[in-house]
Every structure is written in structure tokens, then in C-alpha cells.
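First the structure, in the form of C-alpha cells, and then the observations on it.
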2 protein chains.
Amino acid sequence: MVNLKDVAEFAAVSIATVSRVINNSPAVNTETRRKVQHAVKMLNFHPNRVARRLSKLRMKEGHGKIIGLLLPDISNPFYVDVLRGVEDYALKHDYVVITCNFGQDEIREKLFLNILQSESVDGLVVVPVRGLDETVSQLVESGLPVVCLDRELSEIDVDVVLVDNRKGAYDAISHLIQLGHRRIGFISGLAKIPTSVERLQGYKDALEAHGIPVDEKLIKFGDSMHESGLSHTQELLKGKHRPTALFTGNNLITLGALEMIHRMGLRIPGDIALVGFDDMYWSISLNPPLTAVRQPGYDIGKRGAEMLLDRIGDHSRPTTRVIFDTELKIRNSCGSV
Amino acid sequence: MVNLKDVAEFAAVSIATVSRVINNSPAVNTETRRKVQHAVKMLNFHPNRVARRLSKLRMKEGHGKIIGLLLPDISNPFYVDVLRGVEDYALKHDYVVITCNFGQDEIREKLFLNILQSESVDGLVVVPVRGLDETVSQLVESGLPVVCLDRELSEIDVDVVLVDNRKGAYDAISHLIQLGHRRIGFISGLAKIPTSVERLQGYKDALEAHGIPVDEKLIKFGDSMHESGLSHTQELLKGKHRPTALFTGNNLITLGALEMIHRMGLRIPGDIALVGFDDMYWSISLNPPLTAVRQPGYDIGKRGAEMLLDRIGDHSRPTTRVIFDTELKIRNSCGSV
DNA sequence: ATGAAAGCGCTAACAG
DNA sequence: CTGTTAGCGCTTTCAT
């Protein structure tokens with residue numbers, strides 16, 4: 001590994017000068033700069049990011065050019081989109097991202113948070129396990145730049161990019177109601193996740209707005225995974241007095257529901273209508289092409305990264321709160337009744 | 001951030017002793033060790049990984065506890081499985097992984113390789129863009145521990161974990177032939193990717209083994225993305241003399257094919273049979289449940305990580321080459337003709 | 001068994 | 001404008 005010293009010797013200047021050149025400090029003679037740049041080229045020098053980060057540790061505002069991304073479940077395509085958004089924006093600004101996938105596991109989330117801290121990241125983009133996440137809250141209070149995605153942190157003022165889950169669910173249910181459905185089942189994700197409660201609220205709002213009483217027996221709480229889509233769909237649909245439509249709380253649940261509906265020999269939309277929260281680029285290849293509430297995952301990630309870098313640049317800027325709209329993609333999984 | 005010095009003062013020992021304790025050096029008195037451990041607890045000390053890494057830079061064998069993972073396309077669920085495998089194994093051994101997604105883009109791959117190097121990673125798990133990847137080859141020759149996944153590096157002796165693509169394709173095509181199909185279309189991924197050529201070879205092998213001549217017009221080369229599944233399927237199926245079965249070279253292509261087949265109003269398996277390379281956990285929810293060649297992505301990643309850590313532990317061990325088998329998951333997308 | 005001190009590569013005062 | 005130098009937090013000789 002060629003280092004500052006090598007370049008300095010080659011260019012016959014001091015290492016400080018080399019450092020200035022590679023950091024674009026204006027305080028350096030044009031001629032000297034050229035010499036150094038030449039040396040850098042010749043020696044194929046790349047500054048060591050680790051040393052830089054350690055050295056920067058002394059400064060207040062860190063620019064170690066590395067951020068952490070903490071995701072609840074990388075098997076979920078929605079978070080893959082978020083990841084791509086964060087990564088693209090970060091890379092464009094010369095930041096590296098360490099992505100950690102804690103699989104909805106609080107212990108593992110904590111572990112990663114520790115590791116990320118000791119990696120001296122400049123900041124964190126986090127999708128917290130739940131609204132009351134003390135570990136993340138502490139981090140925020142310790143002064144580390146943090147932006148939360150998808151889920152808000154209760155009791156803490158923090159940058160956040162959200163989605164209007166309530167409206168998303170409301171739209172989906174309204175669509176179903178307009179099609180004539182009155183008995184609409186809802187399989188929710190983990191009850192502790194804020195997005196789940198918002199979606200439930202939207203579901204109830206829509207029902208009430210159309211004068212349809214909420215039937216608690218039609219509502220199931222799962223764990224946001226494929227398996228829970230499977231089991232709750234079966235429960236909901238096995239009785240004779242089954243719902244005519246199903247609203248699923250996230251894409252993994254949707255996939256599970258789809259599988260179970262087919263397994264039970266029911267047809268969509270003939271026997272049962274289905275609307276899922278979360279859209280995938282391959283939703284159209286499902287059987288049938290799925291009507292779904294789309295969240296702009298890529299944009300959420302990108303915007304989150306942007307906000308984080310902004311905060312890293314200015315720790316004291318007021319916190320921002322951006323809310324993205326959802327979009328109901330109407331395809332072929334809902335018929336009128 | 002509490003550091004060695006803080007702990008040392010608290011425990012009334014030198015920082016060297018603290019360092020020894022946290023690194024489990026045997027050369028420390030039991031009583032002293034207890035004192036230090038107590039201080040660590042009280043102060044909630046976590047060693048700074050950055051400093052450790054930089055400091056270790058002097059040593060030959062680095063144990064900075066960080067590795068890089070370079071992936072061609074994180075939108076592809078197969079690589080998500082690989083990622084999970086690598087991450088799980090790494091974490092269990094106290095390693096952090098920096099995941100970089102280069103999106104099949106050689107420029108970006110190179111960029112990431114540079115960054116990873118200057119992050120002083122202990123080693124790299126890479127799915128190279130193509131067989132003749134000079135950038136990766138150089139890295140290997142520079143002595144950095146590297147293991148390649150999914151694709152081999154020609155002309156370079158390197159640890160590698162592979163899948164028997166040729167046999168996987170062979171099995172799929174044989175299945176189709178046994179069902180009575182004789183005109184089988186193949187939409188391949190990027191021609192430059194080694195796995196593509198192996199799968200093509202398996203396709204041809206199977207045809208020949210059954211005395212069916214290879215018809216080049218039935219073979220299309222795409223770019224391993226969704227879009228190319230769309231367009232090539234259309235081309236292949238629009239003529240009157242269309243194939244009775246389709247074999248798709250990876251999961252993104254499969255999804256595209258599926259979409260196009262439905263769009264053209266054709267039915268599976270009635271009008272056309274479909275077998276895809278790559279299985280997803282939700283393949284069963286597709287229309288129809290997809291017959292597919294499964295690659296054990298998670299295990300590939302896990303094994304790769306294991307081999308990398310082994311090599312980091314012993315740079316001079318002989319290179320290993322492990323080959324995983326594929327499995328043909330027969331579901332409902334292939335009928336007999 | 002323990003401590004003092006050098007050094008990893010880099011940045012940012014501080015001098016000149 | 002440029003060089004000298006003091007760290008950043010940690011590991012590891014080298015003494016003791």
C-alpha cells in the first residue's frame with residue numbers, strides 16, 4: 001500500500017502538502033499541486049480511509065465518509081429498494097455504507113448498533129425495530145447523526161422519512177368497497193411496528209367512512225413474515241362465512257396469502273379479492289397480477305441518505321420530516337362482487 | 001467514546017494491560033484481569049474497531065474483523081440469499097461485512113474494489129463481473145484473501161464456491177424432454193458471465209443426449225435482467241412455429257418471461273411450459289407455481305464466508321474449490337405435450 | 001506479569 | 001504557500 005509519505009518523497013514535498021492536495025485545499029501553489037497530482041498518478045495512490053477516519057475522530061464534525069444502514073429484513077424486497085436508494089446516493093457523494101440486517105431481532109439490532117458505533121460511522125440510516133427503540137434513541141441523544149426510515153421514533157425529535165400508511169390503507173380498502181366488498185379481512189404485520197398500526201387505522205377509517213362496521217374477527221395480527229400470511233389466510237378463509245376480500249399488511253404476508261389461496265383451490269378474483277401493501281417489480285407476474293399499494297422504497301432510501309449527509313454536514317440544522325405518498329396500483333386481483 | 005486510556009486509569013493499570021485483557025492474552029495475572037474486566041463493564045467500553053484496524057496494518061496477518069462483499073445485483077433475490085449467508089457466518093465470528101452492489105457495472109465494480117481496499121478489509125468475497133476480471137485477479141495476486149462465488153476466475157488459482165450449472169440446466173431440459181418437449185427455447189443471461197455459458201452447455205448436452213438437434217434460433221442472449229426476459233420471450237413466442245417449452249437463464253429473466261407470456265394471453269403449462277434457473281421462496285405463489293432449478297444461495301454465501309475466514313487465518317493454505325449441486329423443484333409450470 | 005514507547009496513515013493546528 | 005508536529009485509539013515489541 002502506497003501512502004502519503006511515498007507520494008511526498010516522490011514529489012519532493014511534505015506529507016502535509018500532499019494531504020492538502022488530495023483534500024482540495026485551495027492553499028497550495030498550482031505548480032506544486034501539479035507535481036503532487038502527478039506523483040499520485042504515477043504511484044497509483046489511494047488515501048487510506050481507515051487512517052483518515054481515525055484521524056478525523058478528533059474533529060467535531062466527522063467526515064470519515066462512511067455511514068451505517070440498519071435494516072429489519074433484507075429478504076423483504078421493499079428494504080432492498082431502500083438499500084439501493086441509500087447506496088446510490090451515498091456512493092455519489094463518496095460515502096461507503098455498511099449495511100446490517102438485523103432480521104427483526106432486537107438483540108441483533110443492538111449488537112449492530114454497537115459495532116457500527118465502534119466503526120466510527122459518520123451517521124446512521126435506521127429502520128428501527130419499533131417505535132420505542134431506546135438503543136436508537138440513546139444514539140440520537142449522544143449526538144450521532146441519525147435518520148429514521150419508515151418508522152418514527154416516539155418521544156424523540158429526529159429526522160425521519162415516512163410513508164402515509166394510513167392513507168395507503170384507506171385507498172386500498174376504499175377501492176375494495178367501491179367494488180362492492182363489505183366483508184374485508186385484514187392480515188396485519190407485527191403489532192409493535194408503527195406502520196402496522198397506521199395501516200390498521202387506515203383500514204378502519206375506510207370502513208367507517210362508508211358506514212361499514214368493523215368486525216374484529218376479520219383482523220389478524222401476524223409477524224410480518226411469509227409464514228404468517230399462510231396461516232392467517234387459512235384461518236380467515238376456512239369458515240363458510242368467509243370475507244370476500246383480503247388486505248395484506250406487507251409483501252411477505254401477501255405472498256403467503258397468495259400461496260394459501262391457491263392451495264385451498266380458491267380463485268382470485270373470482271372467489272376472493274386481494275390487495276397487498278407493498279408492490280414488487282414482479283407483482284405483475286404473480287397469479288393474478290396483483291393490485292397493490294406501492295411505497296417508493298428507492299426514493300425513501302435515497303431521500304434518507306440525502307437527509308443524513310445534510311445533517312452530517314450541519315449537526316444543528318432543524319430536523320426534517322418528509323412523508324411520501326403511496327400509490328394504488330390497480331391490476332387484476334380484485335373483482336366486483 | 002470511552003477508550004483504553006479511560007479504562008486503564010479506572011483500573012489503575014497501563015493501557016497495554018487493558019489491551020491484553022480485551023484481546024484475551026494469557027500473559028496477565030488473574031487478579032489484574034478481573035480488575036480490568038470490571039472497569040470495562042463499569043465504563044461500558046467497546047474497543048474502537050477503526051483504531052484497531054489501523055494499528056493492525058503493521059502486522060502481516062490482519063484481523064481487523066471486517067470483510068468486503070461484492071455483489072453484481074442486489075435486486076436479484078439469489079444474491080440476497082448469498083448476502084444473508086455471508087453476513088450470518090461473518091457476524092458469528094465477530095466480523096462486519098461491507099456489502100457493495102455494483103449492478104453488473106464494471107466501472108462501479110472497480111470503484112468498489114478500490115474503496116474496499118482502502119478500507120483495509122481483511123478479505124473479500126466476490127461475485128466477479130466476468131471470468132476474466134483483471135481487477136479482482138490483481139487483488140488476489142497482491143495477496144489479499146479473496147474467495148469467488150458463483151463465477152470462477154480464469155487463469156487464477158483462487159478459492160471458489162461454485163454451482164454445477166451445467167448439470168442444473170441438463171436436469172431441467174431432460175425433465176422437459178421426458179415430458180415430450182422437443183422444441184425448447186432458451187433465454188440466456190449475459191453471454192460474458194461464466195454461469196451463462198455453463199447453463200447453455202447443459203442445455204445443449206441434454207438435447208444431444210436425447211438426439212434432438214440444437215436449433216440456434218431457439219437460443220437468445222439477454223442481459224440477465226427483467227427487461228430482456230420480456231423482449232426475448234416475445235420474440236421467441238410470436239412466430240407460428242413457436243417452441244413448446246421455455247428455459248430461462250436466471251430468475252429476473254424468468255419473471256420477465258412470465259409477464260410476457262401472460263401478456264400474450266398464453267397459458268402455462270397449456271400453451272407453453274416454463275422452467276427457470278433460480279428458485280425463490282415465493283416461486284410457489286407465481287402463476288402457475290414455477291418449476292425451477294434451485295441454487296442454494298444461502299449456503300453458498302455461508303460457505304464462501306467460511307472459506308474466506310479460514311484463509312485470513314492462514315494465507316498459505318491450499319485453495320479450495322467447492323461445488324454445490326442444484327435441485328430441480330418440480331411444480332406446475334410444465335405439462336406434457 | 002506489567003509498563004513505556006513506537007508506529008499504523010492521515011489531518012489540522014502552528015510556525016515560518 | 002509550505003513544513004513540522006501532535007495527536008486519533010490501539011497493538012506490540014522491548015525492557016523491567
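Following the order of the C-alpha cells, first chain is A, next is B, and so on, with residues numbered from 1 inside each chain and ligands from 1 in the order they appear.
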
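Set the cut-off at 8 Å, count only C-alpha atoms (C1' of nucleotides), and the residues of chain D near chain A turn out to be DC1, DT2, DG3, DC8 and DG9 of chain D.
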
Residues of chain A within 6 Å of chain B: nearest atom pair and distance (Å, one decimal) for each, counting only C-alpha atoms, sorted by chain and number, as a Markdown table?
| residue | atom | partner | partner_atom | distance |
| --- | --- | --- | --- | --- |
| A:Asn48 | CA | B:Ser118 | CA | 4.7 |
| A:Arg49 | CA | B:Glu119 | CA | 5.3 |
| A:Val50 | CA | B:Glu119 | CA | 5.5 |
| A:Ile98 | CA | B:Ile98 | CA | 4.8 |
| A:Ser118 | CA | B:Asn48 | CA | 4.7 |
| A:Glu119 | CA | B:Arg49 | CA | 5.3 |
| A:Leu258 | CA | B:Ser285 | CA | 5.8 |
| A:Glu259 | CA | B:Ser285 | CA | 4.8 |
| A:Ser285 | CA | B:Glu259 | CA | 4.8 |
| A:Leu286 | CA | B:Leu286 | CA | 4.7 |
| A:Asn287 | CA | B:Asn287 | CA | 4.2 |

Since we have the selection now, will you write its residues out, keeping N, CA and C atoms, as a short mmCIF file (atom, residue, chain, number, x, y, z; two decimals), in the first residue's frame?
data_model
loop_
_atom_site.label_atom_id
_atom_site.label_comp_id
_atom_site.auth_asym_id
_atom_site.auth_seq_id
_atom_site.Cartn_x
_atom_site.Cartn_y
_atom_site.Cartn_z
N ASN A 48 -5.84 6.08 2.48
CA ASN A 48 -6.37 5.05 3.36
C ASN A 48 -7.55 5.61 4.17
N ARG A 49 -8.70 5.06 3.92
CA ARG A 49 -9.91 5.58 4.55
C ARG A 49 -9.91 5.33 6.06
N VAL A 50 -9.28 4.27 6.47
CA VAL A 50 -9.28 3.93 7.90
C VAL A 50 -8.49 4.97 8.68
N ILE A 98 -22.13 0.64 5.32
CA ILE A 98 -22.11 -0.68 5.94
C ILE A 98 -23.55 -1.05 6.21
N SER A 118 -18.62 1.53 16.91
CA SER A 118 -17.19 1.36 17.07
C SER A 118 -16.48 1.33 15.72
N GLU A 119 -17.25 1.36 14.66
CA GLU A 119 -16.65 1.55 13.35
C GLU A 119 -16.55 3.05 13.05
N LEU A 258 -51.27 -15.46 -1.00
CA LEU A 258 -51.41 -15.93 -2.38
C LEU A 258 -51.23 -17.45 -2.42
N GLU A 259 -50.18 -17.90 -1.77
CA GLU A 259 -49.89 -19.32 -1.78
C GLU A 259 -51.03 -20.12 -1.16
N SER A 285 -46.23 -10.35 -12.47
CA SER A 285 -46.05 -11.74 -12.89
C SER A 285 -46.70 -12.73 -11.93
N LEU A 286 -47.32 -12.21 -10.92
CA LEU A 286 -47.98 -13.10 -9.97
C LEU A 286 -49.30 -13.57 -10.55
N ASN A 287 -49.90 -14.50 -9.86
CA ASN A 287 -51.17 -15.06 -10.29
C ASN A 287 -52.26 -14.67 -9.34
#

Give me the residues near Arg311 in chain B as an mmCIF file with C-alpha atoms, in the first residue's frame, where near means some atom within 10 Å (using only C-alpha atoms (C1' of nucleotides)) and where sequence neighbours in that chain fewer than 6 positions away do not count.
data_model
loop_
_atom_site.group_PDB
_atom_site.id
_atom_site.type_symbol
_atom_site.label_atom_id
_atom_site.label_comp_id
_atom_site.auth_asym_id
_atom_site.auth_seq_id
_atom_site.Cartn_x
_atom_site.Cartn_y
_atom_site.Cartn_z
ATOM 1 C CA ASP B 122 -9.155 -8.369 5.782
ATOM 2 C CA GLY B 123 -10.540 -10.109 2.764
ATOM 3 C CA LEU B 144 -5.379 -10.139 -0.280
ATOM 4 C CA PRO B 145 -7.523 -13.090 0.776
ATOM 5 C CA VAL B 146 -10.314 -13.466 -1.759
ATOM 6 C CA VAL B 147 -12.952 -16.042 -2.402
ATOM 7 C CA ASP B 159 -10.756 -20.176 -3.516
ATOM 8 C CA ALA B 305 -17.512 -16.662 4.180
ATOM 9 C CA ARG B 317 -3.410 -22.812 2.833
ATOM 10 C CA PRO B 318 -4.058 -24.508 -0.489
ATOM 11 C CA THR B 319 -7.004 -23.121 -2.413
ATOM 12 C CA THR B 320 -10.292 -24.915 -2.164
#

Check your understanding: Excluding same-chain residues fewer than 3 positions from range 297-300 of chain B, what lies within 7 Å of it counting only C-alpha atoms (C1' of nucleotides), as a ChimeraX atom specification?
Key -> /B:78-79,81-82,84-85,161,303-304

Write the residues you've just listed into a file as a PDB file, in the first residue's frame, and include C-alpha atoms for each of them.
ATOM      1  CA  PHE B  78     -30.455 -15.107  -5.334  1.00  0.00           C
ATOM      2  CA  TYR B  79     -27.797 -12.654  -4.266  1.00  0.00           C
ATOM      3  CA  ASP B  81     -29.656 -15.188  -0.119  1.00  0.00           C
ATOM      4  CA  VAL B  82     -25.922 -15.167  -0.669  1.00  0.00           C
ATOM      5  CA  ARG B  84     -27.570 -13.408   4.214  1.00  0.00           C
ATOM      6  CA  GLY B  85     -25.318 -16.432   4.269  1.00  0.00           C
ATOM      7  CA  VAL B 161     -17.550 -21.892  -4.432  1.00  0.00           C
ATOM      8  CA  ARG B 303     -19.531 -21.480   2.815  1.00  0.00           C
ATOM      9  CA  GLY B 304     -17.784 -18.679   0.998  1.00  0.00           C
TER      10      GLY B 304
END

Revision key, fill the gap. From CA of Gly202 in chain A to CA of Thr135 in chain A the spacing works out at 29.2 Å

Practice item. Pull the helix (DSSP H, G or I) assignments for range 182-252 of chain A out of DSSP run on the backbone, and list those residues as a PyMOL selection string. Key: chain A and resi 194-209+216-218+226-238+251-252

Check your understanding: Which of range 75-302 of chain B counts as strand (DSSP E or B) under DSSP, as a PyMOL selection string please?
Key -> chain B and resi 96-101+123-126+146-149+159-163+184-188+219-221+245-248+273-277+286+291-294

How would the residues just chosen look if you wrote them out with N, CA and C atoms as a compact mmCIF listing (two decimals), in the first residue's frame?
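File written: result20.txt
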# COMPACT_ATOMS: atom_id res chain seq x y z
N VAL B 96 -17.53 -7.81 10.56
CA VAL B 96 -18.51 -6.95 9.93
C VAL B 96 -18.34 -7.09 8.43
N VAL B 97 -19.43 -6.98 7.70
CA VAL B 97 -19.25 -7.01 6.26
C VAL B 97 -19.76 -5.74 5.59
N ILE B 98 -18.93 -5.21 4.73
CA ILE B 98 -19.33 -4.08 3.91
C ILE B 98 -19.81 -4.65 2.59
N THR B 99 -21.08 -4.49 2.31
CA THR B 99 -21.63 -5.05 1.09
C THR B 99 -21.69 -3.99 0.00
N CYS B 100 -21.19 -4.31 -1.16
CA CYS B 100 -21.24 -3.37 -2.26
C CYS B 100 -21.92 -4.03 -3.45
N ASN B 101 -22.81 -3.31 -4.03
CA ASN B 101 -23.64 -3.82 -5.10
C ASN B 101 -23.29 -3.07 -6.37
N GLY B 123 -10.34 -9.22 3.89
CA GLY B 123 -10.54 -10.11 2.76
C GLY B 123 -11.81 -9.77 2.03
N LEU B 124 -12.05 -10.49 0.94
CA LEU B 124 -13.15 -10.14 0.05
C LEU B 124 -13.89 -11.38 -0.41
N VAL B 125 -15.19 -11.30 -0.37
CA VAL B 125 -16.00 -12.31 -1.04
C VAL B 125 -16.56 -11.63 -2.28
N VAL B 126 -16.28 -12.19 -3.43
CA VAL B 126 -16.63 -11.51 -4.67
C VAL B 126 -17.39 -12.41 -5.64
N VAL B 146 -9.12 -13.66 -0.94
CA VAL B 146 -10.31 -13.47 -1.76
C VAL B 146 -10.97 -14.82 -1.99
N VAL B 147 -12.29 -14.86 -1.88
CA VAL B 147 -12.95 -16.04 -2.40
C VAL B 147 -14.01 -15.62 -3.40
N CYS B 148 -14.05 -16.34 -4.49
CA CYS B 148 -15.02 -16.04 -5.54
C CYS B 148 -16.23 -16.93 -5.38
N LEU B 149 -17.37 -16.34 -5.65
CA LEU B 149 -18.60 -17.09 -5.55
C LEU B 149 -19.25 -17.15 -6.92
N ASP B 159 -9.67 -19.44 -4.16
CA ASP B 159 -10.76 -20.18 -3.52
C ASP B 159 -12.06 -19.84 -4.23
N VAL B 160 -12.87 -20.85 -4.39
CA VAL B 160 -14.09 -20.57 -5.14
C VAL B 160 -15.20 -21.52 -4.73
N VAL B 161 -16.43 -21.00 -4.64
CA VAL B 161 -17.55 -21.89 -4.43
C VAL B 161 -18.53 -21.73 -5.58
N LEU B 162 -18.77 -22.85 -6.20
CA LEU B 162 -19.50 -22.88 -7.46
C LEU B 162 -20.78 -23.69 -7.35
N VAL B 163 -21.53 -23.66 -8.42
CA VAL B 163 -22.72 -24.47 -8.53
C VAL B 163 -22.59 -25.23 -9.83
N ILE B 184 -37.41 -26.54 -27.52
CA ILE B 184 -37.26 -25.86 -26.23
C ILE B 184 -36.44 -24.59 -26.41
N GLY B 185 -37.07 -23.47 -26.12
CA GLY B 185 -36.35 -22.20 -26.24
C GLY B 185 -35.51 -21.95 -25.00
N PHE B 186 -34.42 -21.20 -25.18
CA PHE B 186 -33.56 -20.87 -24.05
C PHE B 186 -33.21 -19.39 -24.08
N ILE B 187 -33.56 -18.70 -23.02
CA ILE B 187 -33.17 -17.29 -22.92
C ILE B 187 -32.04 -17.21 -21.91
N SER B 188 -30.86 -16.97 -22.42
CA SER B 188 -29.67 -16.96 -21.58
C SER B 188 -29.44 -15.60 -20.96
N ILE B 219 -32.33 -20.00 -29.31
CA ILE B 219 -31.48 -19.51 -28.22
C ILE B 219 -31.31 -17.99 -28.30
N LYS B 220 -31.60 -17.33 -27.20
CA LYS B 220 -31.46 -15.87 -27.17
C LYS B 220 -30.52 -15.47 -26.03
N PHE B 221 -29.75 -14.44 -26.27
CA PHE B 221 -28.88 -13.93 -25.21
C PHE B 221 -29.39 -12.60 -24.69
N ALA B 245 -41.76 -25.20 -25.11
CA ALA B 245 -41.25 -25.01 -23.75
C ALA B 245 -40.17 -23.94 -23.74
N LEU B 246 -40.00 -23.32 -22.57
CA LEU B 246 -39.04 -22.24 -22.44
C LEU B 246 -38.18 -22.50 -21.21
N PHE B 247 -36.87 -22.30 -21.38
CA PHE B 247 -35.96 -22.42 -20.24
C PHE B 247 -35.30 -21.06 -20.07
N THR B 248 -35.44 -20.48 -18.88
CA THR B 248 -34.93 -19.12 -18.66
C THR B 248 -33.69 -19.15 -17.78
N ALA B 273 -44.64 -24.54 -21.76
CA ALA B 273 -44.05 -24.96 -20.48
C ALA B 273 -42.93 -24.00 -20.12
N LEU B 274 -42.66 -23.85 -18.83
CA LEU B 274 -41.62 -22.92 -18.40
C LEU B 274 -40.81 -23.49 -17.23
N VAL B 275 -39.50 -23.51 -17.40
CA VAL B 275 -38.62 -23.86 -16.29
C VAL B 275 -37.62 -22.72 -16.14
N GLY B 276 -37.42 -22.29 -14.92
CA GLY B 276 -36.48 -21.20 -14.70
C GLY B 276 -35.26 -21.65 -13.95
N PHE B 277 -34.14 -20.99 -14.21
CA PHE B 277 -32.98 -21.22 -13.37
C PHE B 277 -33.14 -20.24 -12.21
N LEU B 286 -46.32 -17.93 -7.68
CA LEU B 286 -46.40 -17.40 -9.03
C LEU B 286 -47.52 -18.11 -9.80
N THR B 291 -41.83 -24.39 -11.84
CA THR B 291 -40.81 -25.44 -11.82
C THR B 291 -39.47 -24.74 -12.04
N ALA B 292 -38.52 -25.03 -11.18
CA ALA B 292 -37.29 -24.25 -11.24
C ALA B 292 -36.06 -25.02 -10.75
N VAL B 293 -34.91 -24.57 -11.20
CA VAL B 293 -33.65 -25.14 -10.75
C VAL B 293 -33.18 -24.32 -9.55
N ARG B 294 -33.11 -24.95 -8.42
CA ARG B 294 -32.76 -24.24 -7.21
C ARG B 294 -31.26 -24.25 -6.95
